[in-house]
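Engineer: Input structure: entry15.cif, which contains mmCIF, C-alpha atoms.
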data_final
#
loop_
_atom_site.group_PDB
_atom_site.id
_atom_site.type_symbol
_atom_site.label_atom_id
_atom_site.label_comp_id
_atom_site.auth_asym_id
_atom_site.auth_seq_id
_atom_site.Cartn_x
_atom_site.Cartn_y
_atom_site.Cartn_z
ATOM 1 C CA PRO A 1 14.636 -11.308 -9.914
ATOM 2 C CA SER A 2 16.158 -8.323 -11.779
ATOM 3 C CA CYS A 3 15.458 -10.195 -15.051
ATOM 4 C CA ILE A 4 11.693 -10.458 -14.485
ATOM 5 C CA LYS A 5 9.867 -10.198 -17.806
ATOM 6 C CA THR A 6 6.345 -11.570 -17.421
ATOM 7 C CA ILE A 7 4.208 -11.004 -14.306
ATOM 8 C CA PHE A 8 0.902 -12.721 -13.579
ATOM 9 C CA HIS A 9 -1.306 -10.214 -11.767
ATOM 10 C CA ALA A 10 -3.209 -12.293 -9.228
ATOM 11 C CA PHE A 11 -5.691 -9.460 -8.764
ATOM 12 C CA ASN A 12 -7.547 -9.869 -5.463
ATOM 13 C CA MET A 13 -6.968 -13.623 -5.573
ATOM 14 C CA ARG A 14 -6.601 -15.573 -2.356
ATOM 15 C CA ILE A 15 -3.120 -16.922 -1.751
ATOM 16 C CA ASN A 16 -4.171 -20.558 -1.492
ATOM 17 C CA SER A 17 -6.012 -20.408 -4.832
ATOM 18 C CA LEU A 18 -2.708 -20.001 -6.668
ATOM 19 C CA HIS A 19 -1.037 -23.315 -5.828
ATOM 20 C CA ASP A 20 -2.951 -25.235 -8.493
ATOM 21 C CA LYS A 21 -2.041 -22.603 -11.096
ATOM 22 C CA LEU A 22 1.748 -22.727 -10.661
ATOM 23 C CA ASP A 23 2.417 -25.414 -13.273
ATOM 24 C CA LEU A 24 0.277 -23.611 -15.841
ATOM 25 C CA LEU A 25 1.915 -20.270 -15.098
ATOM 26 C CA CYS A 26 5.377 -21.781 -15.341
ATOM 27 C CA ASN A 27 4.610 -23.561 -18.622
ATOM 28 C CA THR A 28 3.050 -20.393 -20.055
ATOM 29 C CA GLY A 29 6.228 -18.432 -19.365
ATOM 30 C CA TYR A 30 5.407 -16.376 -16.300
ATOM 31 C CA ASP A 31 8.337 -15.765 -13.984
ATOM 32 C CA ALA A 32 6.523 -13.773 -11.284
ATOM 33 C CA ILE A 33 3.172 -13.506 -9.497
ATOM 34 C CA GLN A 34 2.012 -10.147 -8.149
ATOM 35 C CA LEU A 35 -0.356 -10.423 -5.184
ATOM 36 C CA SER A 36 -2.809 -7.759 -4.094
ATOM 37 C CA PRO A 37 -1.986 -5.952 -0.799
ATOM 38 C CA LEU A 38 -1.626 -8.399 2.069
ATOM 39 C CA GLN A 39 -1.983 -6.166 5.140
ATOM 40 C CA LYS A 40 -5.116 -6.059 7.271
ATOM 41 C CA SER A 41 -7.638 -3.845 5.501
ATOM 42 C CA ILE A 42 -11.112 -2.476 6.145
ATOM 43 C CA HIS A 43 -13.770 -4.959 7.231
ATOM 44 C CA MET A 44 -16.619 -5.183 4.766
ATOM 45 C CA ALA A 45 -18.985 -7.269 6.889
ATOM 46 C CA ASN A 46 -21.216 -4.309 7.623
ATOM 47 C CA ALA A 47 -21.618 -3.772 3.886
ATOM 48 C CA GLY A 48 -22.583 -7.392 3.307
ATOM 49 C CA PHE A 49 -19.213 -8.554 2.006
ATOM 50 C CA GLU A 50 -16.591 -10.956 3.293
ATOM 51 C CA CYS A 51 -13.670 -9.098 4.885
ATOM 52 C CA GLY A 52 -11.598 -7.648 2.055
ATOM 53 C CA SER A 53 -13.646 -9.310 -0.704
ATOM 54 C CA GLU A 54 -13.998 -6.070 -2.657
ATOM 55 C CA TRP A 55 -10.742 -5.338 -4.507
ATOM 56 C CA TRP A 56 -10.587 -1.708 -3.399
ATOM 57 C CA ALA A 57 -10.815 -2.762 0.247
ATOM 58 C CA ARG A 58 -7.294 -4.176 -0.082
ATOM 59 C CA TYR A 59 -6.086 -0.622 -0.747
ATOM 60 C CA GLN A 60 -7.553 0.741 2.475
ATOM 61 C CA PRO A 61 -5.147 -0.467 5.178
ATOM 62 C CA VAL A 62 -6.121 -0.765 8.812
ATOM 63 C CA SER A 63 -2.874 -2.273 10.113
ATOM 64 C CA HIS A 64 0.463 -3.165 8.543
ATOM 65 C CA LEU A 65 1.279 -5.272 11.599
ATOM 66 C CA HIS A 66 -0.941 -8.126 10.388
ATOM 67 C CA ILE A 67 -1.094 -10.186 7.189
ATOM 68 C CA GLU A 68 -4.785 -10.815 6.813
ATOM 69 C CA GLY A 69 -7.548 -10.805 4.217
ATOM 70 C CA LEU A 70 -6.176 -12.873 1.317
ATOM 71 C CA GLY A 71 -4.481 -15.442 3.511
ATOM 72 C CA SER A 72 -2.099 -15.802 6.430
ATOM 73 C CA ALA A 73 1.660 -15.373 6.703
ATOM 74 C CA GLU A 74 1.984 -19.164 6.649
ATOM 75 C CA ASP A 75 -0.150 -19.353 3.482
ATOM 76 C CA LEU A 76 2.201 -16.816 1.913
ATOM 77 C CA ARG A 77 5.282 -18.744 2.970
ATOM 78 C CA ARG A 78 3.965 -21.956 1.406
ATOM 79 C CA LEU A 79 3.150 -20.179 -1.853
ATOM 80 C CA CYS A 80 6.584 -18.559 -2.032
ATOM 81 C CA ASN A 81 8.293 -21.896 -1.449
ATOM 82 C CA SER A 82 6.193 -23.692 -4.061
ATOM 83 C CA ALA A 83 6.594 -20.887 -6.588
ATOM 84 C CA ARG A 84 10.366 -20.801 -6.103
ATOM 85 C CA GLU A 85 10.551 -24.488 -7.017
ATOM 86 C CA LYS A 86 8.939 -23.568 -10.366
ATOM 87 C CA GLY A 87 11.307 -20.657 -10.965
ATOM 88 C CA ILE A 88 8.629 -18.071 -10.120
ATOM 89 C CA ILE A 89 9.027 -15.238 -7.625
ATOM 90 C CA VAL A 90 6.204 -13.710 -5.586
ATOM 91 C CA ILE A 91 5.726 -9.938 -5.645
ATOM 92 C CA ALA A 92 3.769 -8.130 -2.918
ATOM 93 C CA ASP A 93 1.811 -4.922 -3.475
ATOM 94 C CA VAL A 94 2.358 -2.512 -0.561
ATOM 95 C CA VAL A 95 0.175 0.472 0.359
ATOM 96 C CA PHE A 96 2.291 2.940 2.336
ATOM 97 C CA ASN A 97 0.880 6.269 1.177
ATOM 98 C CA HIS A 98 -2.273 6.195 3.264
ATOM 99 C CA MET A 99 -4.544 4.328 5.635
ATOM 100 C CA ALA A 100 -8.253 3.630 5.158
ATOM 101 C CA VAL A 101 -10.841 6.358 4.751
ATOM 102 C CA VAL A 102 -12.379 7.402 8.075
ATOM 103 C CA ALA A 103 -14.469 10.327 6.835
ATOM 104 C CA SER A 104 -15.687 11.754 3.552
ATOM 105 C CA ARG A 105 -14.228 14.840 1.903
ATOM 106 C CA GLU A 106 -17.383 16.702 2.920
ATOM 107 C CA GLU A 107 -16.819 15.825 6.583
ATOM 108 C CA TRP A 108 -13.227 17.039 6.461
ATOM 109 C CA LEU A 109 -14.310 20.260 4.750
ATOM 110 C CA LYS A 110 -16.870 20.799 7.500
ATOM 111 C CA SER A 111 -14.162 20.274 10.113
ATOM 112 C CA GLU A 112 -12.222 23.233 8.706
ATOM 113 C CA LYS A 113 -14.821 25.511 10.300
ATOM 114 C CA ASP A 114 -15.843 23.309 13.227
ATOM 115 C CA ALA A 115 -13.111 22.586 15.788
ATOM 116 C CA ARG A 116 -15.231 20.078 17.694
ATOM 117 C CA HIS A 117 -15.965 18.124 14.530
ATOM 118 C CA ARG A 118 -12.262 18.205 13.616
ATOM 119 C CA GLU A 119 -11.348 16.783 17.029
ATOM 120 C CA ASN A 120 -13.876 13.973 16.589
ATOM 121 C CA LEU A 121 -12.367 13.063 13.214
ATOM 122 C CA LEU A 122 -8.833 13.070 14.597
ATOM 123 C CA LYS A 123 -9.938 10.832 17.460
ATOM 124 C CA ARG A 124 -11.474 8.525 14.882
ATOM 125 C CA LEU A 125 -8.075 8.271 13.157
ATOM 126 C CA GLU A 126 -6.409 7.315 16.417
ATOM 127 C CA GLU A 127 -9.079 4.775 17.345
ATOM 128 C CA ARG A 128 -9.024 3.063 13.950
ATOM 129 C CA PHE A 129 -5.274 2.913 13.448
ATOM 130 C CA ALA A 130 -3.634 2.480 16.858
ATOM 131 C CA PRO A 131 -0.729 2.593 17.635
ATOM 132 C CA LEU A 132 -0.666 5.443 15.111
ATOM 133 C CA THR A 133 -1.738 8.864 16.394
ATOM 134 C CA ARG A 134 -2.803 12.079 14.674
ATOM 135 C CA SER A 135 0.834 13.176 14.542
ATOM 136 C CA ASP A 136 1.526 10.279 12.158
ATOM 137 C CA PHE A 137 -0.770 11.786 9.515
ATOM 138 C CA HIS A 138 -0.381 14.883 7.410
ATOM 139 C CA PRO A 139 -2.810 17.653 8.353
ATOM 140 C CA TRP A 140 -5.901 17.373 6.172
ATOM 141 C CA LYS A 141 -5.468 19.067 2.797
ATOM 142 C CA ASP A 142 -7.824 18.528 -0.098
ATOM 143 C CA CYS A 143 -6.346 16.768 -3.121
ATOM 144 C CA SER A 144 -9.413 15.869 -5.131
ATOM 145 C CA ARG A 145 -9.143 17.854 -8.344
ATOM 146 C CA ASP A 146 -6.696 18.603 -11.137
ATOM 147 C CA PRO A 147 -3.994 19.834 -11.072
ATOM 148 C CA ASP A 148 -3.432 18.690 -7.458
ATOM 149 C CA TRP A 149 -2.980 15.059 -8.523
ATOM 150 C CA ASP A 150 0.184 16.067 -10.382
ATOM 151 C CA ASN A 151 1.636 19.090 -8.596
ATOM 152 C CA GLU A 152 3.364 19.396 -5.216
ATOM 153 C CA ASN A 153 0.031 18.977 -3.418
ATOM 154 C CA ARG A 154 0.023 15.316 -4.410
ATOM 155 C CA PHE A 155 2.587 14.500 -1.719
ATOM 156 C CA GLU A 156 0.881 15.792 1.416
ATOM 157 C CA GLY A 157 -2.665 16.219 0.104
ATOM 158 C CA TRP A 158 -5.316 13.639 0.992
ATOM 159 C CA GLY A 159 -6.254 11.787 -2.199
ATOM 160 C CA ALA A 160 -9.885 12.392 -3.210
ATOM 161 C CA GLY A 161 -10.012 14.560 -0.092
ATOM 162 C CA GLU A 162 -10.437 11.462 2.059
ATOM 163 C CA TRP A 163 -7.413 9.111 1.953
ATOM 164 C CA SER A 164 -5.893 9.177 5.450
ATOM 165 C CA ASP A 165 -2.510 10.432 4.277
ATOM 166 C CA LEU A 166 0.459 9.120 6.253
ATOM 167 C CA LYS A 167 3.382 11.263 7.361
ATOM 168 C CA PRO A 168 6.762 9.442 7.229
ATOM 169 C CA THR A 169 7.372 9.702 10.964
ATOM 170 C CA GLU A 170 9.776 7.355 12.702
ATOM 171 C CA LYS A 171 6.836 5.281 13.945
ATOM 172 C CA VAL A 172 5.250 5.014 10.489
ATOM 173 C CA LEU A 173 8.545 4.069 8.853
ATOM 174 C CA ASP A 174 9.262 1.458 11.535
ATOM 175 C CA ILE A 175 5.840 -0.148 11.058
ATOM 176 C CA HIS A 176 6.255 -0.196 7.283
ATOM 177 C CA LYS A 177 9.738 -1.685 7.561
ATOM 178 C CA ARG A 178 8.349 -4.394 9.810
ATOM 179 C CA HIS A 179 5.731 -5.178 7.158
ATOM 180 C CA LEU A 180 8.447 -5.410 4.514
ATOM 181 C CA ASP A 181 10.466 -7.699 6.796
ATOM 182 C CA ASP A 182 7.451 -9.955 7.384
ATOM 183 C CA LEU A 183 6.946 -10.283 3.630
ATOM 184 C CA LEU A 184 10.626 -10.907 2.949
ATOM 185 C CA SER A 185 10.742 -13.525 5.712
ATOM 186 C CA ALA A 186 7.836 -15.323 4.055
ATOM 187 C CA GLY A 187 9.804 -15.497 0.809
ATOM 188 C CA VAL A 188 8.547 -12.458 -1.133
ATOM 189 C CA ARG A 189 11.213 -11.332 -3.606
ATOM 190 C CA GLY A 190 9.541 -8.367 -5.275
ATOM 191 C CA PHE A 191 7.536 -5.295 -4.327
ATOM 192 C CA ARG A 192 5.120 -2.965 -6.090
ATOM 193 C CA PHE A 193 4.552 0.344 -4.301
ATOM 194 C CA ASP A 194 0.985 1.565 -4.688
ATOM 195 C CA ALA A 195 0.344 5.304 -5.201
ATOM 196 C CA ALA A 196 4.091 5.934 -5.367
ATOM 197 C CA LYS A 197 3.706 9.313 -7.046
ATOM 198 C CA HIS A 198 2.052 10.535 -3.834
ATOM 199 C CA ILE A 199 5.093 9.553 -1.729
ATOM 200 C CA ARG A 200 8.177 11.765 -1.813
ATOM 201 C CA PRO A 201 11.130 10.097 -3.576
ATOM 202 C CA SER A 202 13.275 10.536 -0.460
ATOM 203 C CA THR A 203 10.800 8.384 1.481
ATOM 204 C CA LEU A 204 10.580 5.772 -1.280
ATOM 205 C CA LYS A 205 14.360 5.519 -1.182
ATOM 206 C CA ILE A 206 14.251 4.742 2.555
ATOM 207 C CA TYR A 207 11.992 1.770 1.813
ATOM 208 C CA VAL A 208 14.047 0.538 -1.123
ATOM 209 C CA ASP A 209 17.319 0.850 0.798
ATOM 210 C CA HIS A 210 15.765 -1.186 3.602
ATOM 211 C CA ILE A 211 14.722 -3.900 1.143
ATOM 212 C CA ARG A 212 18.072 -3.953 -0.669
ATOM 213 C CA ALA A 213 19.978 -4.258 2.617
ATOM 214 C CA ARG A 214 18.112 -7.501 3.287
ATOM 215 C CA GLN A 215 17.645 -8.811 -0.257
ATOM 216 C CA PRO A 216 19.992 -7.073 -2.722
ATOM 217 C CA ASP A 217 18.449 -8.577 -5.869
ATOM 218 C CA CYS A 218 14.831 -7.914 -4.897
ATOM 219 C CA PHE A 219 12.646 -6.641 -7.764
ATOM 220 C CA VAL A 220 11.049 -3.267 -6.935
ATOM 221 C CA TYR A 221 8.769 -1.048 -8.991
ATOM 222 C CA PHE A 222 6.396 1.864 -8.439
ATOM 223 C CA GLU A 223 2.890 2.830 -9.510
ATOM 224 C CA VAL A 224 3.281 6.294 -11.068
ATOM 225 C CA LEU A 225 0.064 7.187 -12.864
ATOM 226 C CA SER A 226 1.270 10.071 -14.996
ATOM 227 C CA GLY A 227 2.439 10.804 -18.500
ATOM 228 C CA ASP A 228 4.913 13.358 -17.184
ATOM 229 C CA PRO A 229 8.490 12.155 -17.878
ATOM 230 C CA LYS A 230 9.815 14.400 -15.093
ATOM 231 C CA MET A 231 7.646 12.549 -12.593
ATOM 232 C CA HIS A 232 8.879 9.222 -13.952
ATOM 233 C CA ALA A 233 12.486 10.377 -13.660
ATOM 234 C CA GLU A 234 12.012 11.100 -9.944
ATOM 235 C CA THR A 235 11.568 7.412 -9.249
ATOM 236 C CA MET A 236 13.386 5.611 -12.074
ATOM 237 C CA SER A 237 16.729 6.000 -10.363
ATOM 238 C CA ILE A 238 15.405 4.399 -7.158
ATOM 239 C CA ALA A 239 13.920 1.158 -8.505
ATOM 240 C CA GLU A 240 13.373 -0.853 -11.672
#
Let me see the structure of the file written as structure tokens.
Structural biologist:
Amino acid sequence: PSCIKTIFHAFNMRINSLHDKLDLLCNTGYDAIQLSPLQKSIHMANAGFECGSEWWARYQPVSHLHIEGLGSAEDLRRLCNSAREKGIIVIADVVFNHMAVVASREEWLKSEKDARHRENLLKRLEERFAPLTRSDFHPWKDCSRDPDWDNENRFEGWGAGEWSDLKPTEKVLDIHKRHLDDLLSAGVRGFRFDAAKHIRPSTLKIYVDHIRARQPDCFVYFEVLSGDPKMHAETMSIAE
């Protein structure tokens, strides 16, 4: 896996739709398939969509304890097995920086001056993301404008003022490690970390060390949307 050169980005594609494409991908020279996030995400039924059918819904997690939306754990296992026979590894995209949006930036701003409204929003967090509680999230801090996307505020600030920004508590880390274990058990041999520049390098290292302890040659890379070489250097020593 450390020699991966060409990755097919199966953007928002259902797991079972990829079986018929394996021969073509292999013959074309692809040696990896990157899947969109596989955890349970927001339900779009109320908006007139199938659950998770909008690509951005995959990046709004509801629970990392379930593989749901693009296929089941068994679907994933079958794909990994079939891909391995063709010399292709499967890469999973993981979203560990935040959970789904529960309130707009405007609502959180209002809560700064309204304790009752703030309590209602915090209860909403706990109801949506049990067993997580308010203590598993960073206190709300706006991160919706430059330069906050690239300074220290990017770590604990809530992206766009509304991403439910996770704190790396023991509970959060345990849940994320369980998700990684579920993916590894299904045969995943690579990971892309979404929004990695918003996660402190020390926390990213915890995840990578956990992966390497179970699968030493696993391919790992980070999404770091920045032209700043210093920001790149923070993560280059941790993964590929």
Engineer: Using only C-alpha atoms, can you tell me which of A:Pro61, A:Gly29, A:Pro168, A:Pro37 comes closest to A:Pro201?
Structural biologist: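 Of A:Pro61, A:Gly29, A:Pro168, A:Pro37, the one nearest A:Pro201, counting only C-alpha atoms, is A:Pro168.
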Engineer: Could you give me, as a ChimeraX atom specification, the residues within 8 Å of A:Ile88, counting only C-alpha atoms and dropping anything in the same chain fewer than 2 positions from it?
Structural biologist: /A:26,30-33,83-86,90
Engineer: Would you mind reading off the distance between atom CA of A:Leu18 and atom CA of A:Ala92, one decimal, in Å?
Structural biologist: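 Straight-line distance from atom CA of A:Leu18 to atom CA of A:Ala92 works out to 14.0 Å.
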Engineer: Identify all residues satisfying the PyMOL selection byres ((chain A and resi 163) around 7) in the given file; provide them as a list in words.
Structural biologist: His98, Met99, Ala100, Val101, Trp158, Gly159, Ala160, Gly161, Glu162, Ser164 and Asp165 of chain A
Engineer: Atom CA of A:Trp55 and atom CA of A:Leu24 are how many Å apart?
Structural biologist: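 One can read the atom CA of A:Trp55 to atom CA of A:Leu24 distance as 24.2 Å.
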Engineer: So which one's closest to A:Ser144, A:Phe222, A:Gly87, A:Arg105, A:Gly227? Using all atoms listed in the file, please.
Structural biologist: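 Among the listed residues, the smallest separation from A:Ser144 belongs to A:Arg105.
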Engineer: Taking all atoms listed in the file into account, which of A:Asp136, A:Glu234, A:Asp217, A:Asp93 comes nearest A:Thr169?
Structural biologist: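 Going through A:Asp136, A:Glu234, A:Asp217, A:Asp93 one by one, the smallest distance to A:Thr169 is for A:Asp136.
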Engineer: Once the PyMOL selection byres ((chain A and resi 66-80) around 8) has been evaluated on this model, what residues remain selected, and can you format them as a PyMOL selection string?
Structural biologist: chain A and resi 12-16+18-19+38-41+51-53+58+63-65+81-84+89-90+179+182-183+186-188
Engineer: Nearest to A:Asp142 among A:Arg128, A:Ser104, A:Asp209, A:Leu121, with distances taken over all atoms listed in the file: which residue is it?
Structural biologist: A:Ser104
